[in-house]
Every structure is written in structure tokens, then in C-alpha cells.
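The block underneath contains the structure these notes are about, expressed in C-alpha cells.
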Amino acid sequence: MQKWGRPSACGGLSGRRFGYRMINVTREAWATMVAHAEKTFPNECCGAMAGRIDGDEKQVTLAVPMENSYTGAQGARYELRPEDLLAADRKARAAGLDLIGVFHSHPDCDAYFSKTDLENSCPWYSFVVISIKGGKFDHANSFLPNADQTAAEKEELLWPKS
Ligand SMILES: [Zn+2]
């Protein structure tokens with residue numbers, strides 16, 4: 001189910017073993033992600049996250065909102081266009097950053113990683129799921145799919161509180 005091209009810069013990631021992982025989102029990027037998720041409610045939103053990777057610690061400094069391209073009901077499903085992801089990658093590189101992952105929202109639903117999310121994922125990105133309840137941010141989690149996309153491990157997600 002590998003629909004996206006593997007970025008050469010991340011080629012070594014899939015063979016690594018899971019350990020302690022942390023993803024830290026800066027205030028500006030987090031505000032962009034939450035605003036996009038709340039605005040898109042009651043539909044799912046999606047977008048890309050870019051920043052820097054330092055060992056097992058990632059810092060997201062740029063969030064790029066993308067359009068949910070799923071043609072059916074978008075209340076419980078999202079799809080992103082590969083060309084939109086490519087454009088986000090170009091934008092990140094132009095700013096001297098790397099693409100770190102993808103975020104999407106779960107309207108009126110908890111921030112878990114669904115079977116569909118796992119199937120549509122890829123093992124070299126972090127996947128942040130934002131729970132929006134009644135149109136407002138509730139909580140969020142980040143997941144790291146394994147190499148064959150049979151499971152995803154939760155990683156510690158830090159965002160600016162207030
Ligand atoms: Zn989902």
C-alpha cells in the first residue's frame with residue numbers, strides 16, 4: 001500500500017528500531033493545524049508538517065494545510081493528493097526544512113489511529129491526529145507506523161498549551 005514515493009532523504013528510517021520518539025510542534029505551526037482542523041469541522045482536514053529532525057526528536061516549525069480530496073463523505077475520511085504533498089515538500093525545502101509528517105483531524109471522535117489511517121500511512125512519516133469536538137480542539141496524538149504498516153506506535157507529542 002505504498003502510494004507515495006519514498007523520499008530519498010528518509011530512506012534509512014524504515015529499518016530503524018522503535019525507541020523513545022518525540023515530536024514537538026511550535027506555537028505557530030500548532031495554531032495553523034488547529035485552525036485548519038476547526039475550520040474544516042465537521043469534515044476531516046489534512047495537511048503536511050515540516051521542520052527538523054535531530055536524532056529521535058522532531059521539531060515541527062511549519063504546517064501546510066491541504067485540501068481533503070476524498071470524494072465521498074469527509075466526516076470520517078481524508079485523502080491527500082500526492083501533488084499537494086509534493087508542493088508542501090518543495091515549500092519545506094525552500095525554507096530549509098524537511099517534511100516530517102502528515103496531520104489530519106477526527107471530528108467528534110478521539111485521536112486514535114484507525115485501520116484506514118494505518119493502511120493509508122507510510123512508515124517514514126509521523127502522523128498527528130487532532131480530535132475536534134463540537135468544532136473545538138479537544139486533544140491530539142502522534143503515531144509512527146512500522147515498516148510494513150501493520151501497527152503504529154504512539155510517540156510523545158508536545159504542543160504549546162494555551
Ligand atoms: Zn483518521
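Naming works like this for the C-alpha cells: A, B, ... for the chains as they're shown, residue 1 at the start of each chain, ligands 1 onward in shown order.
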TODO: For Met66 (chain A), list every protein, DNA or RNA residue within 7 Å, evaluated using only C-alpha atoms, and leave out those in the same chain fewer than 5 positions away; present the list as a PyMOL selection string.
DONE: chain A and resi 46-47+84
Open item on the list: Neighbours of ligand 1 at 6 Å or closer, counting only C-alpha atoms and all ligand atoms: which residues, as a PyMOL selection string?
Closed with: chain A and resi 106+113-114+117
Just N, CA and C atoms for this one: save the residues we selected as a CSV table (one decimal), in the first residue's frame.
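As a result, part-v6.csv now contains:
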```csv
chain,number,residue,atom,x,y,z
A,106,HIS,N,-10.0,14.3,13.5
A,106,HIS,CA,-11.1,13.4,13.7
A,106,HIS,C,-12.2,14.2,14.3
A,113,PHE,N,-5.5,6.1,15.9
A,113,PHE,CA,-5.1,5.8,14.6
A,113,PHE,C,-5.9,4.6,14.1
A,114,SER,N,-6.8,4.9,13.1
A,114,SER,CA,-7.7,3.9,12.6
A,114,SER,C,-7.1,3.0,11.7
A,117,ASP,N,-6.4,4.7,8.6
A,117,ASP,CA,-5.3,5.6,8.7
A,117,ASP,C,-4.0,4.8,8.6
```
- [ ] Just the residues within 6 Å of region 129-143 of chain A, please, counting only C-alpha atoms, with nothing from its chain fewer than 5 positions along; format it as a ChimeraX atom specification.
- [x] /A:38,41,103-108,110-111,152-155,157
TODO: Extract the full set of strand (DSSP E or B) residues from region 20-155 of chain A according to DSSP on the backbone, and format it as a PyMOL selection string.
DONE: chain A and resi 22-25+46-54+57-66+98-107+126-133+136-145+152-155
Picked from chain A by DSSP as helix (DSSP H, G or I), as an mmCIF file with all heavy atoms, in the first residue's frame:
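selection_37.cif was written with the following content:
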```cif
data_model
loop_
_atom_site.group_PDB
_atom_site.id
_atom_site.type_symbol
_atom_site.label_atom_id
_atom_site.label_comp_id
_atom_site.auth_asym_id
_atom_site.auth_seq_id
_atom_site.Cartn_x
_atom_site.Cartn_y
_atom_site.Cartn_z
ATOM 1 N N SER A 8 14.152 10.136 -0.747
ATOM 2 C CA SER A 8 15.467 9.520 -0.601
ATOM 3 C C SER A 8 16.141 9.914 0.709
ATOM 4 O O SER A 8 16.856 9.133 1.305
ATOM 5 C CB SER A 8 16.346 9.883 -1.785
ATOM 6 O OG SER A 8 16.413 11.292 -1.899
ATOM 7 N N ALA A 9 15.859 11.123 1.159
ATOM 8 C CA ALA A 9 16.499 11.599 2.386
ATOM 9 C C ALA A 9 16.061 10.788 3.603
ATOM 10 O O ALA A 9 16.745 10.747 4.609
ATOM 11 C CB ALA A 9 16.170 13.068 2.612
ATOM 12 N N CYS A 10 14.907 10.121 3.511
ATOM 13 C CA CYS A 10 14.376 9.391 4.658
ATOM 14 C C CYS A 10 14.547 7.889 4.472
ATOM 15 O O CYS A 10 14.002 7.102 5.229
ATOM 16 C CB CYS A 10 12.900 9.711 4.869
ATOM 17 S SG CYS A 10 12.599 11.459 5.122
ATOM 18 N N ARG A 27 4.562 26.930 18.349
ATOM 19 C CA ARG A 27 3.306 27.649 18.530
ATOM 20 C C ARG A 27 2.624 28.007 17.202
ATOM 21 O O ARG A 27 1.433 27.800 17.014
ATOM 22 C CB ARG A 27 3.583 28.929 19.340
ATOM 23 C CG ARG A 27 2.344 29.718 19.749
ATOM 24 C CD ARG A 27 2.715 30.795 20.745
ATOM 25 N NE ARG A 27 3.308 30.211 21.953
ATOM 26 C CZ ARG A 27 2.581 29.735 22.974
ATOM 27 N NH1 ARG A 27 1.272 29.793 22.938
ATOM 28 N NH2 ARG A 27 3.163 29.209 24.034
ATOM 29 N N GLU A 28 3.422 28.533 16.271
ATOM 30 C CA GLU A 28 2.853 29.000 15.008
ATOM 31 C C GLU A 28 2.308 27.823 14.181
ATOM 32 O O GLU A 28 1.202 27.885 13.641
ATOM 33 C CB GLU A 28 3.925 29.752 14.212
ATOM 34 C CG GLU A 28 3.343 30.684 13.175
ATOM 35 C CD GLU A 28 4.431 31.287 12.291
ATOM 36 O OE1 GLU A 28 5.572 31.440 12.767
ATOM 37 O OE2 GLU A 28 4.122 31.580 11.124
ATOM 38 N N ALA A 29 3.091 26.749 14.103
ATOM 39 C CA ALA A 29 2.661 25.573 13.332
ATOM 40 C C ALA A 29 1.415 24.951 13.964
ATOM 41 O O ALA A 29 0.465 24.579 13.274
ATOM 42 C CB ALA A 29 3.796 24.545 13.263
ATOM 43 N N TRP A 30 1.421 24.885 15.303
ATOM 44 C CA TRP A 30 0.284 24.289 16.005
ATOM 45 C C TRP A 30 -0.994 25.106 15.773
ATOM 46 O O TRP A 30 -2.078 24.557 15.543
ATOM 47 C CB TRP A 30 0.586 24.165 17.506
ATOM 48 C CG TRP A 30 -0.480 23.438 18.247
ATOM 49 C CD1 TRP A 30 -1.370 23.959 19.123
ATOM 50 C CD2 TRP A 30 -0.784 22.035 18.137
ATOM 51 N NE1 TRP A 30 -2.214 22.978 19.581
ATOM 52 C CE2 TRP A 30 -1.878 21.788 18.985
ATOM 53 C CE3 TRP A 30 -0.238 20.973 17.415
ATOM 54 C CZ2 TRP A 30 -2.445 20.519 19.128
ATOM 55 C CZ3 TRP A 30 -0.798 19.708 17.541
ATOM 56 C CH2 TRP A 30 -1.891 19.496 18.403
ATOM 57 N N ALA A 31 -0.854 26.435 15.823
ATOM 58 C CA ALA A 31 -2.010 27.323 15.600
ATOM 59 C C ALA A 31 -2.582 27.097 14.202
ATOM 60 O O ALA A 31 -3.809 27.068 14.014
ATOM 61 C CB ALA A 31 -1.588 28.777 15.783
ATOM 62 N N THR A 32 -1.709 26.901 13.203
ATOM 63 C CA THR A 32 -2.148 26.651 11.828
ATOM 64 C C THR A 32 -2.916 25.331 11.742
ATOM 65 O O THR A 32 -3.979 25.252 11.115
ATOM 66 C CB THR A 32 -0.911 26.591 10.889
ATOM 67 O OG1 THR A 32 -0.214 27.831 10.978
ATOM 68 C CG2 THR A 32 -1.326 26.348 9.451
ATOM 69 N N MET A 33 -2.380 24.297 12.395
ATOM 70 C CA MET A 33 -3.004 22.970 12.345
ATOM 71 C C MET A 33 -4.385 22.968 12.994
ATOM 72 O O MET A 33 -5.356 22.457 12.435
ATOM 73 C CB MET A 33 -2.088 21.942 13.042
ATOM 74 C CG MET A 33 -0.818 21.656 12.256
ATOM 75 S SD MET A 33 0.523 20.942 13.257
ATOM 76 C CE MET A 33 -0.160 19.337 13.692
ATOM 77 N N VAL A 34 -4.473 23.555 14.199
ATOM 78 C CA VAL A 34 -5.741 23.563 14.938
ATOM 79 C C VAL A 34 -6.780 24.428 14.214
ATOM 80 O O VAL A 34 -7.944 24.042 14.090
ATOM 81 C CB VAL A 34 -5.521 24.022 16.403
ATOM 82 C CG1 VAL A 34 -6.849 24.278 17.105
ATOM 83 C CG2 VAL A 34 -4.718 22.982 17.165
ATOM 84 N N ALA A 35 -6.335 25.581 13.695
ATOM 85 C CA ALA A 35 -7.264 26.468 12.978
ATOM 86 C C ALA A 35 -7.829 25.756 11.745
ATOM 87 O O ALA A 35 -9.028 25.847 11.456
ATOM 88 C CB ALA A 35 -6.551 27.756 12.569
ATOM 89 N N HIS A 36 -6.963 25.022 11.036
ATOM 90 C CA HIS A 36 -7.399 24.283 9.837
ATOM 91 C C HIS A 36 -8.403 23.192 10.230
ATOM 92 O O HIS A 36 -9.428 23.005 9.566
ATOM 93 C CB HIS A 36 -6.169 23.691 9.142
ATOM 94 C CG HIS A 36 -6.464 23.046 7.832
ATOM 95 N ND1 HIS A 36 -7.243 23.636 6.861
ATOM 96 C CD2 HIS A 36 -6.069 21.851 7.311
ATOM 97 C CE1 HIS A 36 -7.326 22.820 5.811
ATOM 98 N NE2 HIS A 36 -6.628 21.745 6.057
ATOM 99 N N ALA A 37 -8.111 22.493 11.316
ATOM 100 C CA ALA A 37 -8.984 21.400 11.777
ATOM 101 C C ALA A 37 -10.341 21.929 12.239
ATOM 102 O O ALA A 37 -11.384 21.333 11.954
ATOM 103 C CB ALA A 37 -8.299 20.625 12.902
ATOM 104 N N GLU A 38 -10.338 23.074 12.940
ATOM 105 C CA GLU A 38 -11.599 23.639 13.445
ATOM 106 C C GLU A 38 -12.435 24.213 12.304
ATOM 107 O O GLU A 38 -13.661 24.103 12.293
ATOM 108 C CB GLU A 38 -11.302 24.724 14.499
ATOM 109 C CG GLU A 38 -10.766 24.137 15.802
ATOM 110 C CD GLU A 38 -10.491 25.183 16.885
ATOM 111 O OE1 GLU A 38 -10.469 26.398 16.578
ATOM 112 O OE2 GLU A 38 -10.287 24.772 18.031
ATOM 113 N N LYS A 39 -11.752 24.796 11.329
ATOM 114 C CA LYS A 39 -12.457 25.419 10.201
ATOM 115 C C LYS A 39 -13.110 24.348 9.321
ATOM 116 O O LYS A 39 -14.170 24.560 8.746
ATOM 117 C CB LYS A 39 -11.453 26.249 9.380
ATOM 118 C CG LYS A 39 -12.102 27.326 8.511
ATOM 119 C CD LYS A 39 -11.052 28.096 7.726
ATOM 120 C CE LYS A 39 -10.616 27.286 6.518
ATOM 121 N NZ LYS A 39 -9.545 27.895 5.744
ATOM 122 N N THR A 40 -12.427 23.204 9.211
ATOM 123 C CA THR A 40 -12.905 22.132 8.340
ATOM 124 C C THR A 40 -14.022 21.314 8.983
ATOM 125 O O THR A 40 -14.761 20.620 8.304
ATOM 126 C CB THR A 40 -11.721 21.200 7.971
ATOM 127 O OG1 THR A 40 -10.616 22.014 7.588
ATOM 128 C CG2 THR A 40 -12.060 20.296 6.810
ATOM 129 N N PRO A 82 -1.161 13.414 -3.952
ATOM 130 C CA PRO A 82 0.308 13.319 -3.981
ATOM 131 C C PRO A 82 0.953 14.618 -4.471
ATOM 132 O O PRO A 82 2.001 15.026 -3.968
ATOM 133 C CB PRO A 82 0.574 12.182 -4.964
ATOM 134 C CG PRO A 82 -0.672 11.372 -4.972
ATOM 135 C CD PRO A 82 -1.799 12.330 -4.713
ATOM 136 N N GLU A 83 0.300 15.308 -5.416
ATOM 137 C CA GLU A 83 0.894 16.557 -5.929
ATOM 138 C C GLU A 83 0.870 17.658 -4.863
ATOM 139 O O GLU A 83 1.748 18.518 -4.840
ATOM 140 C CB GLU A 83 0.218 17.022 -7.225
ATOM 141 C CG GLU A 83 -1.275 17.259 -7.143
ATOM 142 C CD GLU A 83 -2.092 16.059 -7.600
ATOM 143 O OE1 GLU A 83 -1.693 14.908 -7.295
ATOM 144 O OE2 GLU A 83 -3.132 16.275 -8.264
ATOM 145 N N ASP A 84 -0.158 17.625 -3.971
ATOM 146 C CA ASP A 84 -0.195 18.600 -2.875
ATOM 147 C C ASP A 84 0.937 18.336 -1.882
ATOM 148 O O ASP A 84 1.543 19.257 -1.347
ATOM 149 C CB ASP A 84 -1.541 18.540 -2.139
ATOM 150 C CG ASP A 84 -2.677 19.122 -2.981
ATOM 151 O OD1 ASP A 84 -2.387 19.735 -4.026
ATOM 152 O OD2 ASP A 84 -3.842 18.951 -2.589
ATOM 153 N N LEU A 85 1.200 17.039 -1.655
ATOM 154 C CA LEU A 85 2.277 16.663 -0.741
ATOM 155 C C LEU A 85 3.633 17.058 -1.335
ATOM 156 O O LEU A 85 4.520 17.528 -0.635
ATOM 157 C CB LEU A 85 2.234 15.158 -0.469
ATOM 158 C CG LEU A 85 3.039 14.689 0.739
ATOM 159 C CD1 LEU A 85 2.483 15.259 2.031
ATOM 160 C CD2 LEU A 85 3.067 13.173 0.817
ATOM 161 N N LEU A 86 3.739 16.897 -2.625
ATOM 162 C CA LEU A 86 4.959 17.282 -3.338
ATOM 163 C C LEU A 86 5.183 18.790 -3.243
ATOM 164 O O LEU A 86 6.298 19.266 -3.020
ATOM 165 C CB LEU A 86 4.839 16.852 -4.807
ATOM 166 C CG LEU A 86 6.111 16.400 -5.495
ATOM 167 C CD1 LEU A 86 6.648 15.134 -4.853
ATOM 168 C CD2 LEU A 86 5.866 16.164 -6.984
ATOM 169 N N ALA A 87 4.090 19.548 -3.395
ATOM 170 C CA ALA A 87 4.174 21.013 -3.303
ATOM 171 C C ALA A 87 4.591 21.422 -1.890
ATOM 172 O O ALA A 87 5.399 22.341 -1.709
ATOM 173 C CB ALA A 87 2.832 21.640 -3.677
ATOM 174 N N ALA A 88 4.049 20.720 -0.880
ATOM 175 C CA ALA A 88 4.406 21.011 0.510
ATOM 176 C C ALA A 88 5.876 20.685 0.752
ATOM 177 O O ALA A 88 6.582 21.410 1.465
ATOM 178 C CB ALA A 88 3.524 20.206 1.456
ATOM 179 N N ASP A 89 6.345 19.601 0.137
ATOM 180 C CA ASP A 89 7.744 19.198 0.259
ATOM 181 C C ASP A 89 8.652 20.269 -0.341
ATOM 182 O O ASP A 89 9.674 20.634 0.234
ATOM 183 C CB ASP A 89 7.953 17.848 -0.437
ATOM 184 C CG ASP A 89 9.366 17.309 -0.236
ATOM 185 O OD1 ASP A 89 9.828 17.309 0.926
ATOM 186 O OD2 ASP A 89 10.002 16.906 -1.223
ATOM 187 N N ARG A 90 8.239 20.800 -1.481
ATOM 188 C CA ARG A 90 9.022 21.856 -2.138
ATOM 189 C C ARG A 90 9.067 23.110 -1.274
ATOM 190 O O ARG A 90 10.106 23.736 -1.115
ATOM 191 C CB ARG A 90 8.402 22.197 -3.502
ATOM 192 C CG ARG A 90 9.207 21.609 -4.657
ATOM 193 C CD ARG A 90 8.663 22.067 -5.994
ATOM 194 N NE ARG A 90 8.109 20.938 -6.713
ATOM 195 C CZ ARG A 90 6.842 20.802 -7.062
ATOM 196 N NH1 ARG A 90 5.965 21.738 -6.771
ATOM 197 N NH2 ARG A 90 6.444 19.742 -7.720
ATOM 198 N N LYS A 91 7.908 23.443 -0.685
ATOM 199 C CA LYS A 91 7.816 24.626 0.175
ATOM 200 C C LYS A 91 8.730 24.449 1.397
ATOM 201 O O LYS A 91 9.416 25.385 1.803
ATOM 202 C CB LYS A 91 6.355 24.795 0.616
ATOM 203 C CG LYS A 91 6.067 26.115 1.292
ATOM 204 C CD LYS A 91 4.577 26.304 1.558
ATOM 205 C CE LYS A 91 4.343 27.551 2.391
ATOM 206 N NZ LYS A 91 2.942 27.784 2.700
ATOM 207 N N ALA A 92 8.729 23.243 1.949
ATOM 208 C CA ALA A 92 9.568 22.949 3.108
ATOM 209 C C ALA A 92 11.045 23.081 2.746
ATOM 210 O O ALA A 92 11.814 23.730 3.456
ATOM 211 C CB ALA A 92 9.273 21.537 3.622
ATOM 212 N N ARG A 93 11.430 22.476 1.635
ATOM 213 C CA ARG A 93 12.831 22.520 1.213
ATOM 214 C C ARG A 93 13.297 23.938 0.939
ATOM 215 O O ARG A 93 14.434 24.305 1.259
ATOM 216 C CB ARG A 93 13.037 21.656 -0.033
ATOM 217 C CG ARG A 93 13.217 20.213 0.336
ATOM 218 C CD ARG A 93 13.134 19.291 -0.847
ATOM 219 N NE ARG A 93 12.741 17.967 -0.408
ATOM 220 C CZ ARG A 93 13.588 17.079 0.084
ATOM 221 N NH1 ARG A 93 14.864 17.360 0.170
ATOM 222 N NH2 ARG A 93 13.169 15.896 0.481
ATOM 223 N N ALA A 94 12.385 24.749 0.348
ATOM 224 C CA ALA A 94 12.720 26.145 0.053
ATOM 225 C C ALA A 94 13.006 26.904 1.352
ATOM 226 O O ALA A 94 13.778 27.857 1.376
ATOM 227 C CB ALA A 94 11.581 26.809 -0.711
ATOM 228 N N LYS A 115 -7.765 1.862 11.335
ATOM 229 C CA LYS A 115 -7.258 0.866 10.397
ATOM 230 C C LYS A 115 -7.015 1.528 9.035
ATOM 231 O O LYS A 115 -6.012 1.272 8.381
ATOM 232 C CB LYS A 115 -8.290 -0.264 10.282
ATOM 233 C CG LYS A 115 -7.789 -1.498 9.577
ATOM 234 C CD LYS A 115 -8.826 -2.625 9.697
ATOM 235 C CE LYS A 115 -8.488 -3.778 8.770
ATOM 236 N NZ LYS A 115 -8.793 -3.476 7.355
ATOM 237 N N THR A 116 -7.959 2.387 8.629
ATOM 238 C CA THR A 116 -7.808 3.115 7.359
ATOM 239 C C THR A 116 -6.597 4.048 7.422
ATOM 240 O O THR A 116 -5.839 4.147 6.467
ATOM 241 C CB THR A 116 -9.082 3.942 7.074
ATOM 242 O OG1 THR A 116 -10.210 3.093 7.202
ATOM 243 C CG2 THR A 116 -9.044 4.541 5.681
ATOM 244 N N ASP A 117 -6.441 4.708 8.586
ATOM 245 C CA ASP A 117 -5.285 5.595 8.743
ATOM 246 C C ASP A 117 -3.984 4.824 8.554
ATOM 247 O O ASP A 117 -3.052 5.286 7.906
ATOM 248 C CB ASP A 117 -5.285 6.247 10.134
ATOM 249 C CG ASP A 117 -6.363 7.309 10.267
ATOM 250 O OD1 ASP A 117 -6.803 7.836 9.232
ATOM 251 O OD2 ASP A 117 -6.756 7.601 11.406
ATOM 252 N N LEU A 118 -3.949 3.617 9.143
ATOM 253 C CA LEU A 118 -2.745 2.787 9.056
ATOM 254 C C LEU A 118 -2.494 2.352 7.613
ATOM 255 O O LEU A 118 -1.375 2.430 7.111
ATOM 256 C CB LEU A 118 -2.896 1.564 9.972
ATOM 257 C CG LEU A 118 -1.667 0.680 10.126
ATOM 258 C CD1 LEU A 118 -0.499 1.451 10.722
ATOM 259 C CD2 LEU A 118 -1.996 -0.528 11.004
ATOM 260 N N GLU A 119 -3.556 1.925 6.935
ATOM 261 C CA GLU A 119 -3.427 1.468 5.544
ATOM 262 C C GLU A 119 -2.973 2.591 4.612
ATOM 263 O O GLU A 119 -2.257 2.357 3.650
ATOM 264 C CB GLU A 119 -4.765 0.903 5.049
ATOM 265 C CG GLU A 119 -5.079 -0.476 5.618
ATOM 266 C CD GLU A 119 -6.513 -0.906 5.339
ATOM 267 O OE1 GLU A 119 -7.271 -0.135 4.702
ATOM 268 O OE2 GLU A 119 -6.871 -2.006 5.777
#
```
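Shortest atom-to-atom contact with Leu62 (chain A) among A:Glu44, A:Ile23, A:Tyr78, A:Met49: A:Met49, counting only C-alpha atoms.
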Task: Test item: residues at most 7 Å from Leu97 (chain A), only C-alpha atoms, excluding those fewer than 5 positions along its chain, as a ChimeraX atom specification - done: /A:50-52,92
Task: Non-local contacts of Pro145 (chain A) (9 Å; only C-alpha atoms; under 4 positions in same chain excluded) as JSON, numbers by chain - done: {"A": [118, 121, 122, 123, 124, 125, 126, 127, 149, 150, 151, 152, 153, 154]}
Output C-alpha atoms of each residue in that selection to a file, as a PDB file, in the first residue's frame.
```
ATOM      1  CA  LEU A 118      -2.745   2.787   9.056  1.00  0.00           C
ATOM      2  CA  SER A 121       0.045   5.785   6.025  1.00  0.00           C
ATOM      3  CA  CYS A 122       3.702   5.359   5.225  1.00  0.00           C
ATOM      4  CA  PRO A 123       6.449   4.285   7.608  1.00  0.00           C
ATOM      5  CA  TRP A 124       8.757   7.258   7.304  1.00  0.00           C
ATOM      6  CA  TYR A 125       6.373   9.992   8.483  1.00  0.00           C
ATOM      7  CA  SER A 126       4.813  10.981  11.780  1.00  0.00           C
ATOM      8  CA  PHE A 127       1.015  11.076  11.732  1.00  0.00           C
ATOM      9  CA  GLN A 149       2.178  -0.740   8.102  1.00  0.00           C
ATOM     10  CA  THR A 150       0.729  -3.435  10.354  1.00  0.00           C
ATOM     11  CA  ALA A 151       0.930  -1.342  13.508  1.00  0.00           C
ATOM     12  CA  ALA A 152       1.627   2.184  14.622  1.00  0.00           C
ATOM     13  CA  GLU A 153       3.407   3.208  17.760  1.00  0.00           C
ATOM     14  CA  LYS A 154       2.386   6.302  19.668  1.00  0.00           C
TER      15      LYS A 154
END
```
Open item on the list: One decimal, in Å: what's the spacing between CA of Glu156 (chain A) and CA of Ser69 (chain A)?
Closed with: 28.6 Å
Could you pull the residues within 9 Å of Pro160 (chain A), counting only C-alpha atoms, minus those fewer than 2 positions along the same chain, as a tab-separated table (two decimals) with N, CA, C and O atoms, in the first residue's frame?
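Output file around.tsv is given in full below:
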```tsv
chain	number	residue	atom	x	y	z
A	24	ASN	N	7.75	17.64	18.62
A	24	ASN	CA	7.49	18.89	19.29
A	24	ASN	C	7.00	19.89	18.24
A	24	ASN	O	7.67	20.11	17.24
A	25	VAL	N	5.82	20.47	18.45
A	25	VAL	CA	5.25	21.39	17.46
A	25	VAL	C	5.33	22.82	18.00
A	25	VAL	O	4.91	23.08	19.13
A	26	THR	N	5.86	23.73	17.21
A	26	THR	CA	6.00	25.12	17.66
A	26	THR	C	4.63	25.81	17.64
A	26	THR	O	3.68	25.36	17.00
A	27	ARG	N	4.56	26.93	18.35
A	27	ARG	CA	3.31	27.65	18.53
A	27	ARG	C	2.62	28.01	17.20
A	27	ARG	O	1.43	27.80	17.01
A	30	TRP	N	1.42	24.89	15.30
A	30	TRP	CA	0.28	24.29	16.00
A	30	TRP	C	-0.99	25.11	15.77
A	30	TRP	O	-2.08	24.56	15.54
A	158	LEU	N	4.29	16.97	21.78
A	158	LEU	CA	4.29	18.18	22.60
A	158	LEU	C	3.81	19.36	21.78
A	158	LEU	O	4.25	19.55	20.65
A	162	SER	N	-2.02	26.61	25.68
A	162	SER	CA	-2.52	27.99	25.75
A	162	SER	C	-1.75	28.93	24.83
A	162	SER	O	-0.57	28.81	24.62
```
